[in-house]
Structures are given as C-alpha cells and as structure tokens.
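Just upload-v9.pdb here, PDB, C-alpha atoms, pLDDT in the B column:
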```pdb
ATOM      1  CA  MET A  20     -10.962  -9.909   9.175  1.00 43.00           C
ATOM      2  CA  ASN A  21      -8.183 -12.407   9.575  1.00 48.00           C
ATOM      3  CA  THR A  22      -7.817 -14.551   6.519  1.00 60.00           C
ATOM      4  CA  LYS A  23      -5.273 -17.319   6.304  1.00 75.00           C
ATOM      5  CA  ILE A  24      -3.458 -17.246   2.990  1.00 86.00           C
ATOM      6  CA  PRO A  25      -2.986 -20.759   1.523  1.00 90.00           C
ATOM      7  CA  ILE A  26       0.599 -21.719   0.765  1.00 94.00           C
ATOM      8  CA  LEU A  27       0.868 -24.589  -1.747  1.00 95.00           C
ATOM      9  CA  LYS A  28       3.842 -26.865  -2.223  1.00 95.00           C
ATOM     10  CA  LEU A  29       4.744 -28.155  -5.664  1.00 92.00           C
ATOM     11  CA  TYR A  30       8.009 -30.092  -6.067  1.00 91.00           C
ATOM     12  CA  ASN A  31      10.693 -27.947  -4.428  1.00 93.00           C
ATOM     13  CA  TYR A  32       8.693 -24.782  -4.546  1.00 96.00           C
ATOM     14  CA  LEU A  33       6.024 -22.980  -2.613  1.00 97.00           C
ATOM     15  CA  PHE A  34       3.275 -21.011  -4.368  1.00 97.00           C
ATOM     16  CA  VAL A  35       1.191 -18.295  -2.857  1.00 95.00           C
ATOM     17  CA  SER A  36      -1.552 -16.348  -4.583  1.00 94.00           C
ATOM     18  CA  ILE A  37      -2.714 -13.391  -2.561  1.00 93.00           C
ATOM     19  CA  GLN A  38      -6.378 -12.787  -3.343  1.00 88.00           C
ATOM     20  CA  TRP A  39      -7.638 -10.789  -0.414  1.00 80.00           C
ATOM     21  CA  GLU A  40      -7.520  -7.230   0.737  1.00 81.00           C
ATOM     22  CA  LEU A  41      -4.421  -7.323   2.901  1.00 84.00           C
ATOM     23  CA  ASP A  42      -4.930  -5.859   6.321  1.00 86.00           C
ATOM     24  CA  ASP A  43      -1.918  -5.446   8.591  1.00 86.00           C
ATOM     25  CA  GLN A  44      -2.595  -8.526  10.700  1.00 87.00           C
ATOM     26  CA  THR A  45      -3.093 -10.810   7.694  1.00 89.00           C
ATOM     27  CA  ALA A  46       0.107  -9.477   6.124  1.00 90.00           C
ATOM     28  CA  LEU A  47       2.152 -10.085   9.269  1.00 90.00           C
ATOM     29  CA  GLN A  48       0.591 -13.489   9.835  1.00 92.00           C
ATOM     30  CA  PHE A  49       1.426 -14.400   6.247  1.00 93.00           C
ATOM     31  CA  GLN A  50       5.063 -13.466   6.861  1.00 94.00           C
ATOM     32  CA  GLU A  51       5.286 -15.922   9.736  1.00 95.00           C
ATOM     33  CA  SER A  52       3.367 -18.745   8.051  1.00 95.00           C
ATOM     34  CA  LEU A  53       5.473 -18.521   4.902  1.00 96.00           C
ATOM     35  CA  LEU A  54       8.760 -18.774   6.811  1.00 97.00           C
ATOM     36  CA  GLN A  55       7.334 -21.640   8.845  1.00 96.00           C
ATOM     37  CA  ARG A  56       6.245 -23.486   5.681  1.00 96.00           C
ATOM     38  CA  ILE A  57       9.699 -22.939   4.128  1.00 97.00           C
ATOM     39  CA  HIS A  58      11.238 -24.438   7.249  1.00 96.00           C
ATOM     40  CA  GLU A  59       8.848 -27.429   7.313  1.00 96.00           C
ATOM     41  CA  THR A  60       9.047 -28.281   3.626  1.00 96.00           C
ATOM     42  CA  GLY A  61      12.683 -27.478   2.860  1.00 95.00           C
ATOM     43  CA  ALA A  62      11.512 -25.654  -0.245  1.00 96.00           C
ATOM     44  CA  SER A  63      14.212 -24.009  -2.344  1.00 95.00           C
ATOM     45  CA  GLY A  64      12.109 -21.285  -3.939  1.00 96.00           C
ATOM     46  CA  VAL A  65       8.873 -19.339  -3.487  1.00 97.00           C
ATOM     47  CA  VAL A  66       6.597 -17.549  -5.936  1.00 97.00           C
ATOM     48  CA  ILE A  67       4.217 -14.962  -4.490  1.00 97.00           C
ATOM     49  CA  ASP A  68       1.594 -14.041  -7.067  1.00 97.00           C
ATOM     50  CA  LEU A  69       0.004 -10.600  -6.746  1.00 97.00           C
ATOM     51  CA  THR A  70      -2.295 -10.711  -9.803  1.00 96.00           C
ATOM     52  CA  TYR A  71      -5.397 -10.181  -7.656  1.00 95.00           C
ATOM     53  CA  VAL A  72      -3.942  -7.500  -5.429  1.00 95.00           C
ATOM     54  CA  ASP A  73      -5.377  -4.102  -6.371  1.00 94.00           C
ATOM     55  CA  MET A  74      -3.376  -1.969  -3.955  1.00 94.00           C
ATOM     56  CA  ILE A  75       0.008  -2.148  -2.269  1.00 94.00           C
ATOM     57  CA  ASP A  76       0.742   0.616   0.206  1.00 92.00           C
ATOM     58  CA  SER A  77       4.080   1.244   1.892  1.00 90.00           C
ATOM     59  CA  PHE A  78       3.237  -1.040   4.792  1.00 90.00           C
ATOM     60  CA  ILE A  79       2.369  -4.048   2.617  1.00 91.00           C
ATOM     61  CA  ALA A  80       5.426  -3.323   0.451  1.00 92.00           C
ATOM     62  CA  LYS A  81       7.565  -3.369   3.577  1.00 90.00           C
ATOM     63  CA  VAL A  82       6.047  -6.650   4.784  1.00 92.00           C
ATOM     64  CA  LEU A  83       6.676  -8.230   1.366  1.00 94.00           C
ATOM     65  CA  GLY A  84      10.224  -6.835   1.170  1.00 93.00           C
ATOM     66  CA  ASP A  85      10.943  -8.083   4.685  1.00 94.00           C
ATOM     67  CA  VAL A  86       9.633 -11.596   4.055  1.00 95.00           C
ATOM     68  CA  ILE A  87      11.831 -11.780   0.956  1.00 96.00           C
ATOM     69  CA  SER A  88      14.906 -10.759   2.997  1.00 95.00           C
ATOM     70  CA  MET A  89      13.979 -13.230   5.728  1.00 96.00           C
ATOM     71  CA  ALA A  90      13.531 -16.072   3.233  1.00 96.00           C
ATOM     72  CA  LYS A  91      16.847 -15.148   1.641  1.00 95.00           C
ATOM     73  CA  MET A  92      18.444 -15.411   5.049  1.00 96.00           C
ATOM     74  CA  MET A  93      17.107 -18.963   5.219  1.00 96.00           C
ATOM     75  CA  GLY A  94      18.634 -19.676   1.803  1.00 95.00           C
ATOM     76  CA  VAL A  95      15.421 -19.445  -0.211  1.00 96.00           C
ATOM     77  CA  LYS A  96      14.789 -17.388  -3.330  1.00 96.00           C
ATOM     78  CA  VAL A  97      11.478 -15.529  -3.648  1.00 97.00           C
ATOM     79  CA  VAL A  98       9.964 -14.138  -6.853  1.00 97.00           C
ATOM     80  CA  LEU A  99       7.006 -11.736  -6.945  1.00 97.00           C
ATOM     81  CA  THR A 100       4.717 -12.114  -9.946  1.00 98.00           C
ATOM     82  CA  GLY A 101       1.696 -10.496 -11.533  1.00 97.00           C
ATOM     83  CA  ILE A 102       1.996  -6.951 -10.169  1.00 97.00           C
ATOM     84  CA  GLN A 103      -0.811  -4.987 -11.866  1.00 97.00           C
ATOM     85  CA  PRO A 104       0.016  -1.893 -13.985  1.00 98.00           C
ATOM     86  CA  ALA A 105      -1.884   0.435 -11.625  1.00 97.00           C
ATOM     87  CA  VAL A 106      -0.070  -1.041  -8.635  1.00 97.00           C
ATOM     88  CA  ALA A 107       3.355  -0.649 -10.311  1.00 97.00           C
ATOM     89  CA  ILE A 108       2.614   2.988 -11.239  1.00 97.00           C
ATOM     90  CA  THR A 109       1.408   3.827  -7.744  1.00 96.00           C
ATOM     91  CA  LEU A 110       4.331   2.102  -6.004  1.00 94.00           C
ATOM     92  CA  VAL A 111       6.976   3.924  -8.046  1.00 94.00           C
ATOM     93  CA  GLU A 112       5.242   7.292  -7.605  1.00 94.00           C
ATOM     94  CA  LEU A 113       5.055   6.579  -3.902  1.00 91.00           C
ATOM     95  CA  GLY A 114       8.828   6.116  -3.957  1.00 90.00           C
ATOM     96  CA  ILE A 115       8.942   2.345  -3.540  1.00 89.00           C
ATOM     97  CA  HIS A 116      11.039   0.672  -6.230  1.00 89.00           C
ATOM     98  CA  LEU A 117      11.480  -2.908  -4.966  1.00 87.00           C
ATOM     99  CA  GLN A 118      14.938  -2.781  -6.545  1.00 86.00           C
ATOM    100  CA  ASP A 119      16.485  -5.829  -4.913  1.00 86.00           C
ATOM    101  CA  VAL A 120      13.423  -7.970  -5.469  1.00 93.00           C
ATOM    102  CA  ASP A 121      13.072 -10.550  -8.260  1.00 95.00           C
ATOM    103  CA  THR A 122       9.860 -10.059 -10.192  1.00 97.00           C
ATOM    104  CA  ALA A 123       8.199 -11.639 -13.238  1.00 97.00           C
ATOM    105  CA  LEU A 124       5.170 -10.847 -15.368  1.00 97.00           C
ATOM    106  CA  ASP A 125       3.202 -13.937 -14.408  1.00 96.00           C
ATOM    107  CA  LEU A 126       3.349 -17.189 -12.464  1.00 94.00           C
ATOM    108  CA  GLU A 127       4.821 -19.115 -15.402  1.00 95.00           C
ATOM    109  CA  LYS A 128       7.673 -16.659 -15.938  1.00 96.00           C
ATOM    110  CA  GLY A 129       8.200 -16.514 -12.191  1.00 96.00           C
ATOM    111  CA  LEU A 130       8.669 -20.249 -12.057  1.00 95.00           C
ATOM    112  CA  GLU A 131      11.139 -20.086 -14.960  1.00 95.00           C
ATOM    113  CA  LEU A 132      13.067 -17.359 -13.151  1.00 95.00           C
ATOM    114  CA  LEU A 133      13.243 -19.518 -10.036  1.00 94.00           C
ATOM    115  CA  GLN A 134      14.410 -22.564 -11.962  1.00 93.00           C
ATOM    116  CA  LYS A 135      17.089 -20.550 -13.747  1.00 93.00           C
ATOM    117  CA  GLY A 136      18.229 -18.865 -10.540  1.00 88.00           C
ATOM    118  CA  LEU A 137      18.436 -22.105  -8.628  1.00 85.00           C
ATOM    119  CA  GLY A 138      19.870 -24.128 -11.487  1.00 85.00           C
ATOM    120  CA  ASP A 139      17.042 -26.696 -11.254  1.00 77.00           C
TER     121      ASP A 139
ATOM    122  CA  MET B1027     -24.121  16.701  -6.657  1.00 53.00           C
ATOM    123  CA  ALA B1028     -22.822  17.075  -3.153  1.00 59.00           C
ATOM    124  CA  TYR B1029     -21.100  14.159  -1.634  1.00 75.00           C
ATOM    125  CA  GLN B1030     -19.258  13.734   1.580  1.00 87.00           C
ATOM    126  CA  SER B1031     -18.220  10.734   3.563  1.00 94.00           C
ATOM    127  CA  SER B1032     -16.217  10.409   6.751  1.00 95.00           C
ATOM    128  CA  ILE B1033     -14.565   7.634   8.638  1.00 97.00           C
ATOM    129  CA  LYS B1034     -12.953   7.598  12.054  1.00 97.00           C
ATOM    130  CA  ILE B1035      -9.498   6.059  12.345  1.00 97.00           C
ATOM    131  CA  LEU B1036      -9.300   4.406  15.749  1.00 97.00           C
ATOM    132  CA  SER B1037      -7.768   1.028  15.014  1.00 94.00           C
ATOM    133  CA  GLU B1038      -5.699  -0.784  12.401  1.00 92.00           C
ATOM    134  CA  SER B1039      -8.791  -2.246  10.759  1.00 93.00           C
ATOM    135  CA  ASP B1040     -10.145   1.257  10.118  1.00 96.00           C
ATOM    136  CA  ILE B1041      -7.233   1.738   7.690  1.00 95.00           C
ATOM    137  CA  VAL B1042      -8.682  -1.019   5.494  1.00 95.00           C
ATOM    138  CA  SER B1043     -12.223   0.364   5.819  1.00 96.00           C
ATOM    139  CA  ALA B1044     -11.033   3.865   4.888  1.00 97.00           C
ATOM    140  CA  ARG B1045      -9.277   2.746   1.735  1.00 95.00           C
ATOM    141  CA  GLN B1046     -12.205   0.553   0.674  1.00 95.00           C
ATOM    142  CA  LEU B1047     -14.514   3.521   1.105  1.00 96.00           C
ATOM    143  CA  GLY B1048     -12.114   5.643  -0.946  1.00 96.00           C
ATOM    144  CA  ARG B1049     -11.953   3.134  -3.764  1.00 96.00           C
ATOM    145  CA  ASN B1050     -15.734   2.798  -3.911  1.00 95.00           C
ATOM    146  CA  ILE B1051     -16.248   6.545  -4.087  1.00 95.00           C
ATOM    147  CA  ALA B1052     -13.461   7.007  -6.665  1.00 96.00           C
ATOM    148  CA  LYS B1053     -14.987   4.265  -8.815  1.00 95.00           C
ATOM    149  CA  LYS B1054     -18.451   5.769  -8.523  1.00 94.00           C
ATOM    150  CA  LEU B1055     -17.151   9.176  -9.628  1.00 93.00           C
ATOM    151  CA  GLY B1056     -15.622   7.663 -12.747  1.00 94.00           C
ATOM    152  CA  PHE B1057     -11.932   7.662 -11.923  1.00 96.00           C
ATOM    153  CA  GLY B1058      -9.895   5.197 -13.993  1.00 96.00           C
ATOM    154  CA  THR B1059      -8.159   2.165 -12.504  1.00 96.00           C
ATOM    155  CA  VAL B1060      -4.812   3.897 -12.007  1.00 97.00           C
ATOM    156  CA  ASP B1061      -6.320   6.936 -10.277  1.00 97.00           C
ATOM    157  CA  GLN B1062      -8.522   4.676  -8.155  1.00 97.00           C
ATOM    158  CA  THR B1063      -5.372   2.898  -7.028  1.00 97.00           C
ATOM    159  CA  ARG B1064      -3.568   6.209  -6.367  1.00 98.00           C
ATOM    160  CA  ILE B1065      -6.508   7.466  -4.289  1.00 98.00           C
ATOM    161  CA  THR B1066      -6.852   4.185  -2.377  1.00 97.00           C
ATOM    162  CA  THR B1067      -3.132   4.106  -1.636  1.00 96.00           C
ATOM    163  CA  VAL B1068      -3.049   7.737  -0.488  1.00 97.00           C
ATOM    164  CA  ILE B1069      -5.943   7.129   1.899  1.00 97.00           C
ATOM    165  CA  SER B1070      -4.146   4.073   3.236  1.00 95.00           C
ATOM    166  CA  GLU B1071      -0.964   6.083   3.847  1.00 94.00           C
ATOM    167  CA  LEU B1072      -2.796   9.007   5.472  1.00 95.00           C
ATOM    168  CA  ALA B1073      -4.894   6.705   7.658  1.00 95.00           C
ATOM    169  CA  ARG B1074      -1.771   4.856   8.720  1.00 92.00           C
ATOM    170  CA  ASN B1075      -0.010   8.116   9.596  1.00 91.00           C
ATOM    171  CA  ILE B1076      -2.970   9.025  11.811  1.00 94.00           C
ATOM    172  CA  TYR B1077      -2.927   5.623  13.481  1.00 93.00           C
ATOM    173  CA  LEU B1078       0.863   5.559  13.979  1.00 89.00           C
ATOM    174  CA  TYR B1079       1.533   9.128  15.044  1.00 89.00           C
ATOM    175  CA  ALA B1080      -1.691  10.368  16.621  1.00 92.00           C
ATOM    176  CA  GLY B1081      -3.486   7.164  17.611  1.00 93.00           C
ATOM    177  CA  LYS B1082      -6.800   8.446  16.303  1.00 95.00           C
ATOM    178  CA  GLY B1083      -8.258  10.871  13.824  1.00 97.00           C
ATOM    179  CA  GLU B1084     -10.587  11.175  10.877  1.00 97.00           C
ATOM    180  CA  ILE B1085     -10.600  10.943   7.116  1.00 97.00           C
ATOM    181  CA  HIS B1086     -13.117  12.970   5.132  1.00 97.00           C
ATOM    182  CA  ILE B1087     -13.740  12.251   1.476  1.00 97.00           C
ATOM    183  CA  GLU B1088     -15.598  14.853  -0.494  1.00 95.00           C
ATOM    184  CA  LEU B1089     -16.633  15.469  -4.078  1.00 93.00           C
ATOM    185  CA  ILE B1090     -15.619  18.938  -5.207  1.00 93.00           C
ATOM    186  CA  ASN B1091     -16.534  21.001  -8.240  1.00 89.00           C
ATOM    187  CA  SER B1092     -14.650  23.901  -9.719  1.00 84.00           C
ATOM    188  CA  LEU B1093     -15.589  25.817 -12.871  1.00 82.00           C
ATOM    189  CA  GLU B1094     -14.554  23.160 -15.332  1.00 85.00           C
ATOM    190  CA  LYS B1095     -13.605  20.133 -13.372  1.00 90.00           C
ATOM    191  CA  ARG B1096     -14.659  17.707 -10.737  1.00 93.00           C
ATOM    192  CA  GLY B1097     -12.456  16.030  -8.243  1.00 95.00           C
ATOM    193  CA  LEU B1098     -12.082  14.214  -4.986  1.00 96.00           C
ATOM    194  CA  LYS B1099     -10.833  15.980  -1.901  1.00 97.00           C
ATOM    195  CA  ILE B1100      -9.442  13.948   0.956  1.00 98.00           C
ATOM    196  CA  ARG B1101      -8.878  15.507   4.368  1.00 97.00           C
ATOM    197  CA  ALA B1102      -6.965  13.603   7.022  1.00 97.00           C
ATOM    198  CA  LEU B1103      -6.980  15.211  10.433  1.00 96.00           C
ATOM    199  CA  ASP B1104      -5.811  14.333  13.889  1.00 93.00           C
ATOM    200  CA  HIS B1105      -5.145  16.023  17.231  1.00 92.00           C
ATOM    201  CA  GLY B1106      -1.858  14.246  17.779  1.00 88.00           C
ATOM    202  CA  PRO B1107       1.568  15.684  18.557  1.00 86.00           C
ATOM    203  CA  GLY B1108       1.874  17.432  15.191  1.00 86.00           C
ATOM    204  CA  ILE B1109       4.859  17.409  12.891  1.00 83.00           C
ATOM    205  CA  GLN B1110       7.914  19.074  14.412  1.00 76.00           C
ATOM    206  CA  ASP B1111       9.636  20.034  11.203  1.00 75.00           C
ATOM    207  CA  ILE B1112       7.461  20.046   8.104  1.00 77.00           C
ATOM    208  CA  ARG B1113      10.413  20.682   5.800  1.00 74.00           C
ATOM    209  CA  VAL B1114      12.169  17.568   7.057  1.00 74.00           C
ATOM    210  CA  ALA B1115       8.935  15.511   6.917  1.00 77.00           C
ATOM    211  CA  MET B1116       8.607  16.438   3.252  1.00 79.00           C
ATOM    212  CA  GLU B1117      12.057  15.062   2.402  1.00 74.00           C
ATOM    213  CA  ASP B1118      11.993  11.755   0.538  1.00 69.00           C
ATOM    214  CA  GLY B1119      12.839   8.767   2.665  1.00 62.00           C
ATOM    215  CA  TYR B1120      12.164  10.489   5.956  1.00 56.00           C
ATOM    216  CA  SER B1121      10.164   8.610   8.549  1.00 56.00           C
ATOM    217  CA  THR B1122      10.172   8.687  12.323  1.00 52.00           C
ATOM    218  CA  SER B1123       8.245   5.453  12.715  1.00 50.00           C
ATOM    219  CA  GLY B1124      11.044   3.070  11.812  1.00 45.00           C
ATOM    220  CA  GLY B1125      10.645   2.822   8.078  1.00 46.00           C
ATOM    221  CA  LEU B1126       6.885   2.467   7.996  1.00 46.00           C
ATOM    222  CA  GLY B1127       5.134   4.738   5.587  1.00 48.00           C
ATOM    223  CA  ALA B1128       6.724   6.021   2.399  1.00 58.00           C
ATOM    224  CA  GLY B1129       5.900   9.362   3.898  1.00 78.00           C
ATOM    225  CA  LEU B1130       4.239  12.496   2.721  1.00 88.00           C
ATOM    226  CA  PRO B1131       6.371  13.194  -0.382  1.00 89.00           C
ATOM    227  CA  GLY B1132       4.980  10.012  -1.934  1.00 92.00           C
ATOM    228  CA  VAL B1133       1.426  11.060  -1.107  1.00 94.00           C
ATOM    229  CA  LYS B1134       2.079  14.437  -2.710  1.00 94.00           C
ATOM    230  CA  ARG B1135       3.360  12.818  -5.923  1.00 95.00           C
ATOM    231  CA  LEU B1136       0.241  10.648  -6.205  1.00 96.00           C
ATOM    232  CA  MET B1137      -2.166  13.585  -5.955  1.00 97.00           C
ATOM    233  CA  ASP B1138      -2.747  16.813  -7.926  1.00 97.00           C
ATOM    234  CA  GLU B1139      -2.896  19.123  -4.927  1.00 96.00           C
ATOM    235  CA  PHE B1140      -1.388  18.774  -1.499  1.00 96.00           C
ATOM    236  CA  ASP B1141      -1.615  20.908   1.592  1.00 95.00           C
ATOM    237  CA  LEU B1142      -0.209  20.200   5.032  1.00 93.00           C
ATOM    238  CA  THR B1143      -0.953  22.126   8.213  1.00 92.00           C
ATOM    239  CA  SER B1144       0.521  21.073  11.500  1.00 88.00           C
ATOM    240  CA  THR B1145       0.713  22.730  14.872  1.00 88.00           C
ATOM    241  CA  ASP B1146       3.168  21.456  17.424  1.00 86.00           C
ATOM    242  CA  GLY B1147       1.171  19.687  20.130  1.00 86.00           C
ATOM    243  CA  LYS B1148      -2.191  20.330  18.479  1.00 90.00           C
ATOM    244  CA  GLY B1149      -2.405  18.064  15.500  1.00 92.00           C
ATOM    245  CA  THR B1150      -2.029  17.690  11.789  1.00 93.00           C
ATOM    246  CA  THR B1151      -4.304  18.187   8.802  1.00 95.00           C
ATOM    247  CA  VAL B1152      -3.432  16.952   5.344  1.00 96.00           C
ATOM    248  CA  VAL B1153      -5.670  17.957   2.442  1.00 97.00           C
ATOM    249  CA  VAL B1154      -5.168  16.398  -0.992  1.00 98.00           C
ATOM    250  CA  VAL B1155      -7.122  16.659  -4.228  1.00 97.00           C
ATOM    251  CA  LYS B1156      -7.272  14.457  -7.294  1.00 97.00           C
ATOM    252  CA  TRP B1157      -9.014  15.915 -10.334  1.00 96.00           C
ATOM    253  CA  LEU B1158     -11.085  13.799 -12.642  1.00 94.00           C
ATOM    254  CA  ARG B1159      -9.594  13.617 -16.123  1.00 84.00           C
ATOM    255  CA  GLY B1160     -11.338  13.012 -19.386  1.00 64.00           C
ATOM    256  CA  GLY B1161      -8.877  10.451 -20.709  1.00 43.00           C
ATOM    257  CA  ILE B1162      -7.528   7.293 -19.219  1.00 40.00           C
ATOM    258  CA  GLY B1163      -6.674   7.663 -15.664  1.00 41.00           C
TER     259      GLY B1163
END
```

For the file at hand, write its structure as structure tokens.
Amino acid sequence: MNTKIPILKLYNYLFVSIQWELDDQTALQFQESLLQRIHETGASGVVIDLTYVDMIDSFIAKVLGDVISMAKMMGVKVVLTGIQPAVAITLVELGIHLQDVDTALDLEKGLELLQKGLGD
Amino acid sequence: MAYQSSIKILSESDIVSARQLGRNIAKKLGFGTVDQTRITTVISELARNIYLYAGKGEIHIELINSLEKRGLKIRALDHGPGIQDIRVAMEDGYSTSGGLGAGLPGVKRLMDEFDLTSTDGKGTTVVVVKWLRGGIG
C-alpha cells in the first residue's frame, strides 16, 4: 500500500486530511510531499486534519512532530486538527504529549488559529 | 469460545497488518472504541519493536477467559539480541533506536497486565492482557 495523500491549497494555506491507515512509507512520503508543496506554493500555514485517523502510534506521532518542526524551520506554521478522543487518550497514556504542537478541535478552529497566529 | 490468531512480522507492512488484525479481533470481542485503539496501538508498538530490534518475529493474539472475565492476550516474540537491561528499558523515554518507539513503559500503561522476558542473545517475549469491561471502554 502506498497511497498519496492529497494536499490542497486555499489562499495562503495548505490543507491536508489524512483518511488512510498510515503505514510507515506513506507517512514518510507525506512528510516530503508536504515540505515540497510548501516550497512550491509559498504557503504561510498548514492545517493537517486527523478526524479520520483511528490510531496514532509513536512512529506516526514522530513523523507528524518532525514535519511540524521542519515546516517551522521553513517559516511555516502547522496546526493539527480533529484528533479523536480515543487517539488523544492513547497518545497521552503512551507518553506522547505533543506539547509544542498547535492543535484545534476541528478544521474551522484550526484555520482560525492559523489566521490569528499569522496575523492574516 | 477459543480464539487464536497469529501474524509473522517480517517487513514494515506486517506492522500495519498486525494492528488491523488486532483491531478487528478487539471489535469482534466487544471492546469499546478507546480500548480498541489502545490494543491497536500496543500491537503497532510491539510489532515495530520486533521489526526494529530483531528483524523478525511473531505476534499472537488470543482470547482468554478467567473465572469472571474475558480478555485479549497479545504475545510478541522474537529471537533477536534480547534486551540488555530490562530495568533501563522500562524507564520512560528510553529508546536505543534513535527516538522511535515510545517504548515499553507506554505499552504497559495502555494494558492491564504486562510481562517481559528477555534473554541476552536469545530473544524477547512480551505478553500483555487487556480485560473486557462492562462499561464504556
């Protein structure tokens, strides 16, 4: 399985909704494509929506955390949205707190957070 | 009802197959969404440990019954190098694979029972159990 995750551009932002079971290769490929798209589009912010993700293990959490740090290095703010209750419970029990990561309840609030953060 | 299912961990894609199998079984047994996610995540972590540290191994998922309760037992075994210092491996934040894997303490917190056996040079076996609860899970 090697699914390409669509990355949509809207105004200055990029939107990603992850809707597949994330295997390692897809997760790593996503990391590269997102940074490439940021570079191509000159986007100022990214929302990654995880509403349809039913499990995040430590590897996927690391890939997400890394891509956020990498984007930040490029000057781009990333917000994670829609983390499911079961996923939040499991992540914290696992010992992963995503402390330095901006998160919002849903896509709409994520977009607001981006706009506020970027002063748009 | 006896139920047992096994999957070999030989490649990265087997990690995904193992956790999908785990979720399906957990759902079938009546575990709630949160416990299904805990079980799926634990299988993912254990399968990844096998893949990273031993290269190959197996995951066995089994329905167990005690006097008053039912549960799911997961056994992850490999014949890899084994864990040198179990006490250190059970410390939060410890990982020898460069930050991959939240490690075994996280797995222990997600489950009701946890048992780790490791022999230097001979391999590692991790056995965890999650009991089925009556309420929300």

- [ ] Could you expand the PyMOL selection byres ((chain B and resi 1037) around 8) into the explicit residues it covers here, written as a ChimeraX atom specification?
- [x] /B:1035-1036,1038-1041,1077,1081-1082

TODO: Would you mind listing what lies within 7 Å of Ala1080 (chain B) as a list in words, with all atoms listed in the file counted and same-chain residues fewer than 5 positions away left out?
DONE: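 The residues satisfying every condition are Asp1104, His1105, Gly1106 and Pro1107 of chain B.
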
TODO: Give me the result of the PyMOL selection byres ((chain A) within 12 of (chain B)) on this file, residue by residue, as a ChimeraX atom specification.
DONE: /A:20-21,39-45,72-82,84-85,103-116

Starting from the PyMOL selection byres ((chain B and resi 1103) around 7), expand the selection into actual residues of this file and give them as a PDB file with C-alpha atoms, in the coordinates of the input.
```pdb
ATOM      1  CA  GLY B1083      -8.258  10.871  13.824  1.00 97.00           C
ATOM      2  CA  GLU B1084     -10.587  11.175  10.877  1.00 97.00           C
ATOM      3  CA  ILE B1085     -10.600  10.943   7.116  1.00 97.00           C
ATOM      4  CA  ARG B1101      -8.878  15.507   4.368  1.00 97.00           C
ATOM      5  CA  ALA B1102      -6.965  13.603   7.022  1.00 97.00           C
ATOM      6  CA  ASP B1104      -5.811  14.333  13.889  1.00 93.00           C
ATOM      7  CA  THR B1150      -2.029  17.690  11.789  1.00 93.00           C
ATOM      8  CA  THR B1151      -4.304  18.187   8.802  1.00 95.00           C
ATOM      9  CA  VAL B1152      -3.432  16.952   5.344  1.00 96.00           C
TER      10      VAL B1152
END
```

Open item on the list: For a test of reading the model, state the distance in Å between CA of Glu1088 (chain B) and CA of Gln1030 (chain B), rounded to one decimal.
Closed with: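 CA of Gln1030 (chain B) lies at a distance of 4.4 Å from CA of Glu1088 (chain B).
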
TODO: In Å, rounded to a single decimal, give me how far CA of Tyr1079 (chain B) is from CA of Val86 (chain A).
DONE: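 Taking CA of Val86 (chain A) as the start and CA of Tyr1079 (chain B) as the end point, the length is 24.8 Å.
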
Task: Who sits within 10 Å of Ser63 (chain A), only C-alpha atoms, same chain under 4 positions skipped, as a list in words - done: Tyr30, Asn31, Tyr32, Leu33, Ile57, Ala90, Met93, Gly94, Val95, Lys96, Val97, Leu133, Gln134, Leu137 and Asp139 of chain A

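In this model, the gap between CA of Val66 (chain A) and CA of Phe34 (chain A) comes to 5.0 Å.
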
- [ ] Skip Ala123 (chain A) itself and residues of its chain fewer than 6 positions away, then list as a PyMOL selection string all residues within 12 Å of it, counting all atoms listed in the file.
- [x] chain A and resi 66-70+97-103+129-133

- [ ] Go through A:Leu117, A:Ala46, A:Ile26, A:Leu126 one by one, measure the shortest atom-to-atom distance of each to Ser88 (chain A) using only C-alpha atoms, and give the residue with the smallest value.
- [x]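 Of all the options, A:Leu117 lies closest to Ser88 (chain A).
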